[in-house]
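J.: Contents are compact mmCIF, C-alpha atoms and all ligand atoms; file name data-v3.txt:
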# COMPACT_ATOMS: atom_id res chain seq x y z
CA MET A 1 54.67 -2.04 -54.24
CA GLU A 2 54.74 -2.21 -50.48
CA LYS A 3 51.39 -2.96 -49.01
CA GLU A 4 49.80 -0.19 -46.95
CA LYS A 5 49.82 -1.07 -43.29
CA ILE A 6 46.38 -1.61 -41.89
CA THR A 7 45.92 0.06 -38.49
CA LEU A 8 42.17 -0.28 -38.34
CA LEU A 9 42.12 -2.96 -35.70
CA PRO A 10 42.33 -0.77 -32.55
CA TYR A 11 39.59 1.53 -33.91
CA SER A 12 37.44 -1.41 -34.86
CA PHE A 13 37.90 -2.87 -31.42
CA SER A 14 36.88 0.37 -29.66
CA THR A 15 33.94 0.74 -32.04
CA ILE A 16 32.81 -2.76 -31.15
CA ILE A 17 33.07 -1.91 -27.43
CA LEU A 18 31.03 1.31 -27.94
CA VAL A 19 28.38 -0.50 -29.96
CA PHE A 20 28.28 -3.24 -27.31
CA LEU A 21 27.91 -0.66 -24.48
CA PHE A 22 25.19 1.14 -26.44
CA PHE A 23 23.44 -2.18 -26.94
CA ILE A 24 23.64 -3.02 -23.23
CA THR A 25 22.57 0.41 -21.90
CA GLY A 26 20.69 1.92 -24.86
CA CYS A 27 18.20 -0.91 -25.05
CA LYS A 28 16.92 -0.45 -21.51
CA ASP A 29 14.14 1.98 -20.69
CA GLU A 30 15.31 4.92 -18.63
CA TYR A 31 12.00 5.07 -16.74
CA VAL A 32 9.40 2.76 -15.28
CA THR A 33 5.90 3.71 -16.47
CA ILE A 34 3.03 3.48 -13.99
CA ASN A 35 -0.46 3.89 -15.39
CA VAL A 36 -3.03 4.18 -12.61
CA GLY A 37 -6.78 3.86 -13.05
CA GLU A 38 -9.85 4.04 -10.85
CA ASN A 39 -9.94 1.94 -7.68
CA ALA A 40 -6.51 0.28 -7.55
CA GLN A 41 -6.15 -0.60 -11.23
CA THR A 42 -2.45 -0.35 -12.08
CA GLU A 43 -0.28 -1.08 -15.11
CA ILE A 44 3.49 -1.10 -14.59
CA ILE A 45 5.65 -1.19 -17.73
CA TYR A 46 9.38 -1.60 -18.15
CA ASN A 47 11.25 -2.76 -21.25
CA ASN A 48 8.34 -4.40 -23.00
CA HIS A 49 7.41 -6.33 -19.86
CA ARG A 50 4.27 -5.45 -17.93
CA VAL A 51 2.56 -6.14 -14.61
CA LEU A 52 -1.21 -5.65 -14.40
CA LEU A 53 -2.80 -5.31 -10.97
CA ASP A 54 -6.48 -5.17 -9.99
CA ILE A 55 -7.75 -4.74 -13.54
CA TRP A 56 -11.49 -4.10 -13.46
CA ASN A 57 -11.64 -1.82 -16.54
CA PRO A 58 -9.41 -3.41 -19.22
CA LYS A 59 -10.53 -0.81 -21.81
CA VAL A 60 -8.07 1.77 -20.44
CA ILE A 61 -4.90 -0.33 -20.32
CA SER A 62 -2.31 -0.26 -23.17
CA LYS A 63 -3.38 -2.32 -26.15
CA LYS A 64 0.20 -3.10 -27.18
CA LYS A 65 1.45 -6.69 -27.13
CA PHE A 66 4.06 -7.22 -24.42
CA GLU A 67 6.91 -9.67 -24.49
CA LYS A 68 6.16 -10.77 -20.92
CA GLU A 69 3.12 -10.07 -18.77
CA TYR A 70 1.94 -10.81 -15.23
CA VAL A 71 -1.63 -10.37 -14.08
CA ILE A 72 -2.49 -10.10 -10.37
CA ALA A 73 -5.81 -9.54 -8.60
CA SER A 74 -5.57 -8.63 -4.92
CA HIS A 75 -9.07 -10.01 -4.30
CA LEU A 76 -12.23 -10.83 -6.18
CA HIS A 77 -14.43 -7.76 -5.56
CA GLU A 78 -15.66 -6.45 -8.90
CA ASP A 79 -13.99 -3.04 -8.51
CA HIS A 80 -10.63 -4.93 -8.51
CA TYR A 81 -11.34 -7.90 -10.74
CA GLU A 82 -13.00 -8.35 -14.13
CA LYS A 83 -13.79 -12.04 -14.47
CA ASN A 84 -13.88 -12.20 -18.29
CA PHE A 85 -10.56 -10.42 -18.64
CA TYR A 86 -8.82 -12.73 -16.16
CA GLU A 87 -10.32 -15.90 -17.55
CA LYS A 88 -9.34 -15.09 -21.15
CA CYS A 89 -5.90 -13.80 -20.29
CA THR A 90 -3.09 -16.31 -20.97
CA SER A 91 -0.35 -14.45 -19.02
CA ASP A 92 1.14 -15.64 -15.72
CA LYS A 93 -1.62 -15.02 -13.18
CA LEU A 94 -2.19 -14.79 -9.43
CA LEU A 95 -5.75 -14.39 -8.24
CA MET A 96 -5.82 -13.57 -4.53
CA THR A 97 -3.05 -16.13 -4.07
CA PRO A 98 0.46 -15.62 -2.68
CA GLY A 99 3.23 -16.29 -5.22
CA THR A 100 6.42 -15.10 -6.88
CA PHE A 101 7.48 -14.16 -10.41
CA LYS A 102 10.95 -13.20 -11.54
CA ASP A 103 12.56 -12.27 -14.85
CA GLU A 104 15.49 -10.10 -15.95
CA TYR A 105 13.57 -6.87 -15.14
CA PHE A 106 10.86 -7.64 -12.59
CA SER A 107 10.88 -9.32 -9.21
CA ILE A 108 7.34 -9.78 -7.89
CA ASP A 109 6.21 -11.12 -4.50
CA THR A 110 2.56 -11.39 -3.56
CA ILE A 111 1.71 -12.25 0.04
CA GLY A 112 -1.43 -12.64 2.14
CA SER A 113 -3.23 -9.84 3.94
CA SER A 114 -6.75 -8.92 4.97
CA HIS A 115 -9.53 -6.76 3.61
CA THR A 116 -10.65 -6.31 7.22
CA SER A 117 -8.82 -4.72 10.14
CA TYR A 118 -7.14 -7.86 11.53
CA TYR A 119 -4.79 -10.42 9.95
CA LYS A 120 -2.44 -13.09 11.26
CA ASP A 121 0.44 -14.47 9.13
CA GLY A 122 -0.35 -17.82 7.54
CA ILE A 123 -4.14 -17.72 7.61
CA THR A 124 -6.18 -17.67 4.38
CA PRO A 125 -5.96 -14.14 3.00
CA SER A 126 -8.97 -12.04 1.98
CA ASN A 127 -6.69 -9.62 0.09
CA CYS A 128 -3.16 -9.99 -1.28
CA ILE A 129 -0.49 -7.29 -1.29
CA THR A 130 2.27 -7.20 -3.90
CA LEU A 131 5.85 -5.97 -3.87
CA ILE A 132 7.21 -5.17 -7.34
CA GLN A 133 10.93 -4.46 -7.70
CA VAL A 134 11.92 -2.98 -11.05
CA HIS A 135 14.80 -0.73 -12.22
CA ASP A 136 15.92 -0.26 -8.56
CA ILE A 137 12.47 0.97 -7.50
CA LYS A 138 10.32 -0.82 -4.89
CA ILE A 139 6.61 -0.47 -5.51
CA GLY A 140 3.99 -1.73 -3.05
CA HIS A 141 0.48 -2.39 -4.35
CA PHE A 142 -1.95 -2.96 -1.49
CA GLY A 143 -5.26 -3.81 -3.19
CA ASP A 144 -7.90 -3.30 -0.48
CA PHE A 145 -5.55 -3.58 2.49
CA GLY A 146 -7.78 -3.06 5.51
CA GLN A 147 -5.50 -4.06 8.37
CA GLU A 148 -4.91 -1.70 11.23
CA PHE A 149 -1.37 -3.08 11.62
CA LEU A 150 1.09 -4.82 9.31
CA THR A 151 2.26 -8.31 10.33
CA ASN A 152 5.91 -9.27 10.83
CA GLU A 153 5.97 -11.19 7.52
CA GLN A 154 4.55 -8.22 5.66
CA ILE A 155 7.12 -5.84 7.17
CA ALA A 156 9.98 -8.29 6.45
CA THR A 157 8.87 -8.79 2.82
CA PHE A 158 8.41 -5.12 1.98
CA GLY A 159 11.02 -3.26 4.08
CA LYS A 160 11.21 0.42 3.12
CA ILE A 161 9.38 0.99 -0.14
CA ASP A 162 9.65 3.82 -2.68
CA ILE A 163 6.09 3.99 -4.03
CA ALA A 164 2.88 2.86 -2.31
CA ILE A 165 -0.40 2.42 -4.21
CA LEU A 166 -2.52 2.35 -1.12
CA PRO A 167 -6.18 2.45 -0.04
CA VAL A 168 -6.56 4.93 2.78
CA LEU A 169 -10.27 4.90 3.55
CA TYR A 170 -10.30 1.81 5.73
CA THR A 171 -7.39 2.54 8.03
CA PHE A 172 -7.44 6.32 8.27
CA ASN A 173 -9.93 6.93 11.01
CA ASP A 174 -8.44 9.97 12.66
CA ALA A 175 -5.25 11.99 12.73
CA LYS A 176 -3.68 9.69 15.35
CA ASN A 177 -4.43 6.54 13.42
CA LEU A 178 -2.17 6.92 10.38
CA ASN A 179 -2.09 3.99 8.01
CA ASP A 180 0.56 1.53 9.23
CA VAL A 181 2.03 1.22 5.71
CA ILE A 182 2.91 4.92 5.72
CA VAL A 183 4.40 4.77 9.19
CA LYS A 184 6.42 1.54 8.93
CA LEU A 185 7.25 1.10 5.22
CA LYS A 186 7.93 4.83 4.74
CA PRO A 187 7.02 5.18 1.05
CA SER A 188 8.49 8.30 -0.58
CA ILE A 189 5.58 8.53 -3.03
CA ILE A 190 2.02 7.69 -1.98
CA ILE A 191 -0.64 7.16 -4.64
CA PRO A 192 -3.87 6.95 -2.65
CA THR A 193 -6.86 4.86 -3.73
CA HIS A 194 -10.32 4.56 -2.11
CA TYR A 195 -10.26 7.84 -0.19
CA ASP A 196 -12.65 10.54 0.86
CA LEU A 197 -12.05 14.17 1.71
CA GLU A 198 -11.60 13.57 5.42
CA ASN A 199 -8.82 10.97 5.18
CA LEU A 200 -7.21 12.81 2.25
CA GLU A 201 -6.79 15.80 4.56
CA ILE A 202 -5.14 13.59 7.17
CA LEU A 203 -2.87 12.09 4.52
CA LEU A 204 -1.82 15.49 3.20
CA ASN A 205 -1.06 16.91 6.62
CA GLY A 206 2.61 18.03 6.44
CA ARG A 207 3.23 16.21 3.13
CA SER A 208 3.75 17.73 -0.29
CA ALA A 209 1.07 17.00 -2.87
CA LEU A 210 0.82 16.85 -6.62
CA PHE A 211 -2.69 17.27 -8.00
CA THR A 212 -2.79 16.21 -11.63
CA GLY A 213 -5.33 15.15 -14.22
CA LYS A 214 -2.69 12.75 -15.54
CA THR A 215 -2.92 9.02 -14.85
CA ARG A 216 0.36 7.94 -16.45
CA PHE A 217 3.67 8.58 -14.68
CA LYS A 218 7.33 7.85 -15.38
CA PHE A 219 9.75 7.18 -12.52
CA SER A 220 13.43 6.42 -12.16
CA LYS A 221 15.33 5.98 -8.90
CA LYS A 222 16.44 9.63 -9.01
CA ASP A 223 12.79 10.74 -8.73
CA ILE A 224 12.60 9.09 -5.32
CA ASN A 225 13.58 11.29 -2.38
CA PRO A 226 13.92 9.02 0.67
CA LEU A 227 13.64 12.05 2.98
CA GLU A 228 10.17 13.13 1.89
CA GLN A 229 6.70 11.70 1.47
CA LYS A 230 4.86 13.10 -1.51
CA VAL A 231 1.21 12.36 -2.30
CA ILE A 232 -0.04 12.14 -5.89
CA ILE A 233 -3.76 12.84 -6.35
CA TYR A 234 -4.46 11.81 -9.94
CA GLY A 235 -7.25 11.73 -12.48
CA GLU A 236 -10.47 13.60 -13.17
CA LEU A 237 -11.31 14.36 -9.53
CA SER A 238 -7.91 15.84 -8.65
CA SER A 239 -8.67 19.46 -9.55
CA GLY A 240 -11.93 19.38 -7.54
CA TYR A 241 -10.06 18.03 -4.50
CA ARG A 242 -7.34 20.66 -4.93
CA LYS A 243 -9.89 23.47 -4.93
CA ILE A 244 -11.53 22.20 -1.74
CA LEU A 245 -8.33 21.36 0.12
CA GLN A 246 -6.44 24.54 -0.78
CA ARG A 247 -9.29 26.90 0.19
ZN ZN A 301 -12.66 -4.90 -1.92
Could I get this structure in the form of structure tokens?
Ligand SMILES: [Zn+2]
T.:
Amino acid sequence: MEKEKITLLPYSFSTIILVFLFFITGCKDEYVTINVGENAQTEIIYNNHRVLLDIWNPKVISKKKFEKEYVIASHLHEDHYEKNFYEKCTSDKLLMTPGTFKDEYFSIDTIGSSHTSYYKDGITPSNCITLIQVHDIKIGHFGDFGQEFLTNEQIATFGKIDIAILPVLYTFNDAKNLNDVIVKLKPSIIIPTHYDLENLEILLNGRSALFTGKTRFKFSKKDINPLEQKVIIYGELSSGYRKILQR
């Protein structure tokens, strides 16, 4: 009896390609998760890798074990730094020190800045600012950035950013004195930290705002509109601020 011809090969080959493509694309998270806490505490998660910034209240970060983890403290004030947590933590760490980390998902650059109004490139920093590039999104975390103006190195490192996690209290003195980060780095999404009503009003002037009790957000590049600046007021106090500001 003549053997039946086997024509499975082309199908098998295309199946292998489909499975391979699914493996390549299907395994990657579609979104970057940003979990923001009080002060400037921030957890950024993508594909089982995580960056922790300014952790002062470790109770509210994810308890899950991550494949890769970076821990960064902008400076050593206790509302940005919990000594026990940092000392026990065995992840890659930067404590108020410039440095760089890179893996297949994250590119992280931490450079010097100042907690006070003036800073010159190269001098010992009193605060560090961090650029995190992940899934085509550029996130700037500014700790307690107090400078009136960004330095050339800071501008060259950051360029235009998509999301700024930014203290506004120190550098928002009046309507004319907008925070230099907002003016020069042009973030599309601003997540303010350390603010009061007065500088929040200045920040919101002409910008769209999202008031939400949520503290956990998911972003992909398509959520970033380079032509707008949107402010996210998050957490327990957001509804109180909305009531006052929208009166
Ligand atoms: Zn501080």
J.: Taking all atoms listed in the file and a cut-off of 7 Å, can you tell me which residues surround ligand ZN 301 (chain A), written as a list in words?
T.: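 Final answer, ordered by chain and number: His75, His77, Asp79, His80, His115 and Asp144 of chain A.
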J.: Store the residues picked out above in a file with C-alpha atoms, as a PDB file, in the frame of the given file.
T.:
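Saved the output as result.pdb:
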ATOM      1  CA  HIS A  75      -9.070 -10.010  -4.300  1.00  0.00           C
ATOM      2  CA  HIS A  77     -14.430  -7.760  -5.560  1.00  0.00           C
ATOM      3  CA  ASP A  79     -13.990  -3.040  -8.510  1.00  0.00           C
ATOM      4  CA  HIS A  80     -10.630  -4.930  -8.510  1.00  0.00           C
ATOM      5  CA  HIS A 115      -9.530  -6.760   3.610  1.00  0.00           C
ATOM      6  CA  ASP A 144      -7.900  -3.300  -0.480  1.00  0.00           C
TER       7      ASP A 144
END
J.: Can I get the residues of range 159-246 of chain A within 6 Å of range 25-43 of chain A, each with the closest pair of atoms and their distance in Å to one decimal, using all atoms listed in the file, sorted chain first then ascending number, as JSON lines?
T.:
{"residue": "A:Thr193", "atom": "CA", "partner": "A:Asn39", "partner_atom": "CA", "distance": 5.8}
{"residue": "A:Thr215", "atom": "CA", "partner": "A:Val36", "partner_atom": "CA", "distance": 5.3}
{"residue": "A:Arg216", "atom": "CA", "partner": "A:Asn35", "partner_atom": "CA", "distance": 4.3}
{"residue": "A:Phe217", "atom": "CA", "partner": "A:Ile34", "partner_atom": "CA", "distance": 5.2}
{"residue": "A:Lys218", "atom": "CA", "partner": "A:Thr33", "partner_atom": "CA", "distance": 4.5}
{"residue": "A:Phe219", "atom": "CA", "partner": "A:Val32", "partner_atom": "CA", "distance": 5.2}
{"residue": "A:Ser220", "atom": "CA", "partner": "A:Tyr31", "partner_atom": "CA", "distance": 5.0}
J.: Between CA of Gln229 in chain A and CA of Ala209 in chain A, what is the spacing in Å?
T.: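 CA of Ala209 in chain A sits 8.9 Å away from CA of Gln229 in chain A.
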J.: Kindly assemble as JSON lines a list of the range 30-56 of chain A residues that lie within 12 Å of range 94-100 of chain A, each paired with its nearest atom pair and their distance in Å to one decimal, using all atoms listed in the file, sorted first by chain and then by ascending residue number.
T.:
{"residue": "A:Val51", "atom": "CA", "partner": "A:Leu94", "partner_atom": "CA", "distance": 11.1}
{"residue": "A:Leu52", "atom": "CA", "partner": "A:Leu94", "partner_atom": "CA", "distance": 10.4}
{"residue": "A:Leu53", "atom": "CA", "partner": "A:Leu94", "partner_atom": "CA", "distance": 9.6}
{"residue": "A:Asp54", "atom": "CA", "partner": "A:Leu95", "partner_atom": "CA", "distance": 9.4}
{"residue": "A:Ile55", "atom": "CA", "partner": "A:Leu95", "partner_atom": "CA", "distance": 11.2}
J.: Just how far from CA of Phe142 in chain A is CA of Lys88 in chain A, in Å to one decimal?
T.: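 Atom-to-atom, CA of Lys88 in chain A to CA of Phe142 in chain A, that is 24.3 Å.
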J.: Using all atoms listed in the file, find the one residue out of A:Ala156, A:Leu185, A:Ile108, A:Leu166 that sits nearest to His141 in chain A.
T.: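 Result for the nearest residue to His141 in chain A: A:Leu166.
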J.: What is the CA of Ile190 in chain A to CA of Asp162 in chain A distance in Å?
T.: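 So the answer is 8.6 Å.
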J.: Can you tell me, as a ChimeraX atom specification, what residues are no more than 7 Å from Asp92 in chain A when counting only C-alpha atoms, ignoring any on the same chain fewer than 2 positions away?
T.: /A:69-71,90
J.: Generate a file of the selected residues that holds C-alpha atoms, formatted as a compact mmCIF listing (two decimals), keeping the file's coordinate frame.
T.:
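File produced: selection-v3.txt:
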# COMPACT_ATOMS: atom_id res chain seq x y z
CA GLU A 69 3.12 -10.07 -18.77
CA TYR A 70 1.94 -10.81 -15.23
CA VAL A 71 -1.63 -10.37 -14.08
CA THR A 90 -3.09 -16.31 -20.97
J.: Tell me which of A:Pro58, A:Pro226, A:Gly143, A:Gly206 sits closest to Ile161 in chain A, counting only C-alpha atoms.
T.: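 Ranked by minimum distance to Ile161 in chain A, first place goes to A:Pro226.
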J.: Counting all atoms listed in the file, what is within 12 Å of Glu104 in chain A, bar same-chain residues fewer than 6 positions away, as a list of chain:residue names?
T.: A:Lys28, A:Tyr46, A:Asn47, A:Asn48, A:His49, A:Lys68, A:Gln133, A:Val134, A:His135
J.: Please determine, counting all atoms listed in the file, which residue among A:Leu245, A:Ile224, A:Thr124, A:Glu67 has the shortest atom-to-atom distance to Glu198 in chain A.
T.: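 Checking each candidate against Glu198 in chain A, we get A:Leu245 as the closest.
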J.: For each of A:Ile163, A:Lys230, A:His194, A:Tyr105, take the minimum atom-to-atom distance to Leu131 in chain A, counting only C-alpha atoms, then give the residue where this is smallest.
T.: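 Going through A:Ile163, A:Lys230, A:His194, A:Tyr105 one by one, the smallest distance to Leu131 in chain A is for A:Ile163.
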J.: For Ile191 in chain A, which residue out of A:Phe66, A:Ile232, A:Lys214, A:Asp223 is the nearest one, using all atoms listed in the file?
T.: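 Counting all atoms listed in the file, the residue closest to Ile191 in chain A is A:Ile232.
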J.: Nearest residue to Asp136 in chain A out of A:Ser107, A:Ser239, A:Cys89, A:Leu204, using only C-alpha atoms?
T.: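 Result for the nearest residue to Asp136 in chain A: A:Ser107.
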J.: Please tell me which residues are no farther than 12 Å from (6.5, -12.8, -0.1) in the file, counting all atoms listed in the file, and write them as a count of residues only.
T.: 28
J.: Report as lines of an AutoDock Vina configuration file the centre and the edge lengths, in Å to one decimal, of the axis-aligned box holding every listed atom of range 90-97 of chain A, padded by 8 Å on each side.
T.:
center_x = -2.3
center_y = -14.9
center_z = -12.5
size_x = 23.0
size_y = 18.7
size_z = 32.9
J.: Would you save range 133-166 of chain A to a file, keeping N, CA and C atoms, as a CSV table (one decimal), in the first residue's frame?
T.:
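part_6.csv, written as the output of this step:
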chain,number,residue,atom,x,y,z
A,133,GLN,N,13.8,54.5,32.4
A,133,GLN,CA,13.2,54.3,31.1
A,133,GLN,C,12.8,52.8,31.0
A,134,VAL,N,11.5,52.6,30.7
A,134,VAL,CA,10.9,51.3,30.7
A,134,VAL,C,9.7,51.3,29.7
A,135,HIS,N,9.7,50.3,28.8
A,135,HIS,CA,8.6,50.1,27.9
A,135,HIS,C,8.3,51.3,27.1
A,136,ASP,N,9.4,52.0,26.7
A,136,ASP,CA,9.3,53.3,25.9
A,136,ASP,C,8.8,54.5,26.6
A,137,ILE,N,8.7,54.4,27.9
A,137,ILE,CA,8.2,55.5,28.8
A,137,ILE,C,9.4,56.0,29.6
A,138,LYS,N,9.5,57.4,29.6
A,138,LYS,CA,10.5,58.0,30.4
A,138,LYS,C,9.9,58.6,31.7
A,139,ILE,N,10.3,58.1,32.8
A,139,ILE,CA,9.8,58.6,34.1
A,139,ILE,C,10.9,59.3,34.9
A,140,GLY,N,10.6,60.5,35.3
A,140,GLY,CA,11.5,61.2,36.2
A,140,GLY,C,11.0,61.2,37.6
A,141,HIS,N,11.9,60.8,38.6
A,141,HIS,CA,11.6,60.8,40.0
A,141,HIS,C,12.5,61.8,40.6
A,142,PHE,N,11.9,62.8,41.3
A,142,PHE,CA,12.8,63.9,41.7
A,142,PHE,C,13.0,64.0,43.2
A,143,GLY,N,12.6,63.0,44.0
A,143,GLY,CA,12.9,63.0,45.4
A,143,GLY,C,12.4,64.4,46.0
A,144,ASP,N,13.3,65.0,46.7
A,144,ASP,CA,13.0,66.4,47.2
A,144,ASP,C,13.9,67.4,46.4
A,145,PHE,N,13.6,67.5,45.2
A,145,PHE,CA,14.3,68.4,44.3
A,145,PHE,C,13.9,69.8,44.7
A,146,GLY,N,14.9,70.6,45.1
A,146,GLY,CA,14.6,72.0,45.6
A,146,GLY,C,15.1,73.1,44.8
A,147,GLN,N,15.8,72.7,43.7
A,147,GLN,CA,16.5,73.7,42.9
A,147,GLN,C,15.6,74.6,42.1
A,148,GLU,N,16.0,75.9,42.1
A,148,GLU,CA,15.2,76.8,41.3
A,148,GLU,C,15.3,76.5,39.8
A,149,PHE,N,16.6,76.2,39.4
A,149,PHE,CA,16.8,75.9,38.0
A,149,PHE,C,17.6,74.5,37.8
A,150,LEU,N,17.2,73.8,36.8
A,150,LEU,CA,18.0,72.6,36.4
A,150,LEU,C,19.4,72.9,35.9
A,151,THR,N,20.3,72.0,36.1
A,151,THR,CA,21.7,72.3,35.6
A,151,THR,C,21.7,71.7,34.1
A,152,ASN,N,22.8,72.0,33.4
A,152,ASN,CA,23.0,71.5,32.1
A,152,ASN,C,23.0,69.9,32.1
A,153,GLU,N,23.7,69.3,33.0
A,153,GLU,CA,23.8,67.9,33.1
A,153,GLU,C,22.4,67.3,33.3
A,154,GLN,N,21.7,67.9,34.2
A,154,GLN,CA,20.3,67.3,34.5
A,154,GLN,C,19.5,67.4,33.2
A,155,ILE,N,19.5,68.5,32.5
A,155,ILE,CA,18.7,68.7,31.3
A,155,ILE,C,19.1,67.7,30.2
A,156,ALA,N,20.5,67.5,30.1
A,156,ALA,CA,21.0,66.6,29.1
A,156,ALA,C,20.6,65.1,29.4
A,157,THR,N,20.7,64.8,30.7
A,157,THR,CA,20.3,63.4,31.1
A,157,THR,C,18.9,63.1,30.9
A,158,PHE,N,18.0,64.0,31.2
A,158,PHE,CA,16.6,63.7,31.2
A,158,PHE,C,15.9,64.0,29.9
A,159,GLY,N,16.3,65.1,29.2
A,159,GLY,CA,15.6,65.5,27.9
A,159,GLY,C,14.1,65.6,28.2
A,160,LYS,N,13.3,65.4,27.2
A,160,LYS,CA,11.8,65.5,27.5
A,160,LYS,C,11.4,64.2,28.2
A,161,ILE,N,10.6,64.4,29.2
A,161,ILE,CA,10.2,63.1,29.9
A,161,ILE,C,8.7,63.0,29.8
A,162,ASP,N,8.2,61.8,30.0
A,162,ASP,CA,6.7,61.5,29.9
A,162,ASP,C,6.0,61.7,31.2
A,163,ILE,N,6.6,61.2,32.3
A,163,ILE,CA,5.9,61.3,33.6
A,163,ILE,C,6.9,61.8,34.6
A,164,ALA,N,6.5,62.8,35.4
A,164,ALA,CA,7.3,63.4,36.4
A,164,ALA,C,6.7,63.2,37.8
A,165,ILE,N,7.4,62.6,38.7
A,165,ILE,CA,7.0,62.4,40.1
A,165,ILE,C,7.8,63.5,40.8
A,166,LEU,N,7.1,64.6,41.2
A,166,LEU,CA,7.8,65.9,41.4
A,166,LEU,C,7.3,66.6,42.6
